[in-house]
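Right, one structure below, let's go through it.
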Amino acid sequence: MRNHRQSEPDRLRRDARIAGLRDFQTPSLEAVEQRRRQLWQRTATALAVIAAVVVAFAIIPSNRLQEAGTGRILFVIVGVGGGLFLWAFHKETALERLTRSLTDERVLTAALTNRLHEVSLLLDAGKQMNAHLQMDELLDTILRSACELLDATGGSVMLVEETDLVTVCALGRDAAVGQRMRLGEGVAGYVAIRRDPVLIDGHADPDLFPGLVLREPYVESAMSVPLVHRAELQGVLNVNAPIGRSFTEYDLRALAVFAEQAALAVANARLYEAERAHVAALLDLRKKREAG
Amino acid sequence: MVVHHRPRVLIVEDDPDTLVILRINLTAAGVEPMLAGDGRTAIERIEAESPDAVLLDVLLPGIDGWQVLEQLHAKGDPVPVIVCSGKDNMHDLQRARDLGAVAYLVKPFDIDRLIEVTSEVVGLRLTDPVTERGTVAGTELA
């Protein structure tokens, strides 16, 4: 029975030793496959030789087989063949375990690499967004970064203005800029009220999204996420998938994480705009006082 | 010599931390874990290595967990699947049931409960291979 308390590297080394992989320092699936081919080539060759010897014995005239020792030799040869097969099978079992363990390690490495890639993309997007305080530049950066992150072809950013959502930036459908819809209307309005990300695959249901306006060109797959900072709704970010591709829940989660950073950047830009407007008003007042 | 067959469970999960945690805990519970970080790898490993059960996260890059479940269902693959999802709603629960999943666990799950359900699913499969698909669901999906 295998010792389950062995650590993963110990188990790998043990299986590698059994399988005949010497100097097994760097685990590699390719080395295991090579060893497997080598093992079965050698085993097949040895078994072919044994089979040839057995056949040779079979075609020898039967009276000669009666001679003392011939049957015993045949028995030993067949025994060696069986033993060889069992030996190869034992090695194959170890190779199978190695393949499984190495595949697991490869899966873990790939998962870590993917996660690092995602984090790095989000970090880059965060840096780019935080580099802007001018609202129009920021919104353009948000939309482009979101599309880049999700391989989307277009989308829009809508900001809250009193009880409306206003499209302030769009990619792929410039005519949308300036359009208004009431909170609660359509997909974006639903997202704004519920503050829940929504994934649309195929036709959106007008019963679920009252006030839904079907747009041209038709979008097969789209996502809408709320931009919320400190419990305050800033707007909604929408992205559209290219033709033939559908977004998944996985993409929706990535966009929702991205939207958290985007919402913070929008809140900062709004604060900056408000401060600038405040300063401009004070300067204006001072000018008027000096003039008067 | 008595050969102890450790049930093999394929963990399909994209989060590396969860993969490692589940691997450690399932190994300690006497299960031989196998790993897949995406739907494509999961399907390949299920076809090639026929695990005794699959712990399937629905949020996966590329082919997601639902698509994996749909493919297995369409092929009539008898491997019992335990669906792990962050959504606690009847729609997803029903969807999992319709696609032949034997259990539905809501994330964040209690690791003891997960091991309990996994052991039950694997144990039933090993001792009673003719158990009708879906009846194990009584633990979670009934």
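Chain labels run A, B, ... following the order of the structure tokens; each chain numbers its residues from 1, and ligands are numbered from 1 in the order shown.
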Determine which residues of chain B sit within 6 Å of chain A, taking into account only C-alpha atoms, and present them as a PDB file with C-alpha atoms, in the first residue's frame.
ATOM      1  CA  ASP B  14      -9.989  28.063 -11.444  1.00  0.00           C
ATOM      2  CA  PRO B  16      -5.435  28.243  -7.243  1.00  0.00           C
ATOM      3  CA  LEU B  35      -7.096  18.822 -10.635  1.00  0.00           C
ATOM      4  CA  ALA B  36      -8.491  20.820 -13.544  1.00  0.00           C
ATOM      5  CA  GLY B  37      -8.376  24.600 -13.783  1.00  0.00           C
ATOM      6  CA  LEU B  59     -17.326  29.843 -12.796  1.00  0.00           C
ATOM      7  CA  LEU B  60     -14.518  28.758 -15.099  1.00  0.00           C
TER       8      LEU B  60
END
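The residues of region 13-104 of chain B that DSSP classifies as strand (DSSP E), using the backbone of this structure, are B:Glu32, B:Pro33, B:Met34, B:Leu35, B:Ala36, B:Ala53, B:Val54, B:Leu55, B:Leu56, B:Asp57, B:Val81, B:Ile82, B:Val83, B:Cys84, B:Ser85, B:Ala103, B:Tyr104.
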Inset, instruction - Pick out the residues sitting within 6 Å of Leu55 (chain B), and hand them over as number ranges by chain; count only C-alpha atoms, and ignore anything fewer than 4 positions along from it in its own chain. - result: B: 11-12, 82
Limited to C-alpha atoms, could you put the picked residues into a file as a short mmCIF file (atom, residue, chain, number, x, y, z; two decimals), in the first residue's frame?
data_model
loop_
_atom_site.label_atom_id
_atom_site.label_comp_id
_atom_site.auth_asym_id
_atom_site.auth_seq_id
_atom_site.Cartn_x
_atom_site.Cartn_y
_atom_site.Cartn_z
CA ILE B 11 -11.60 19.05 -8.60
CA VAL B 12 -12.54 21.57 -11.27
CA ILE B 82 -21.16 17.82 -7.35
#
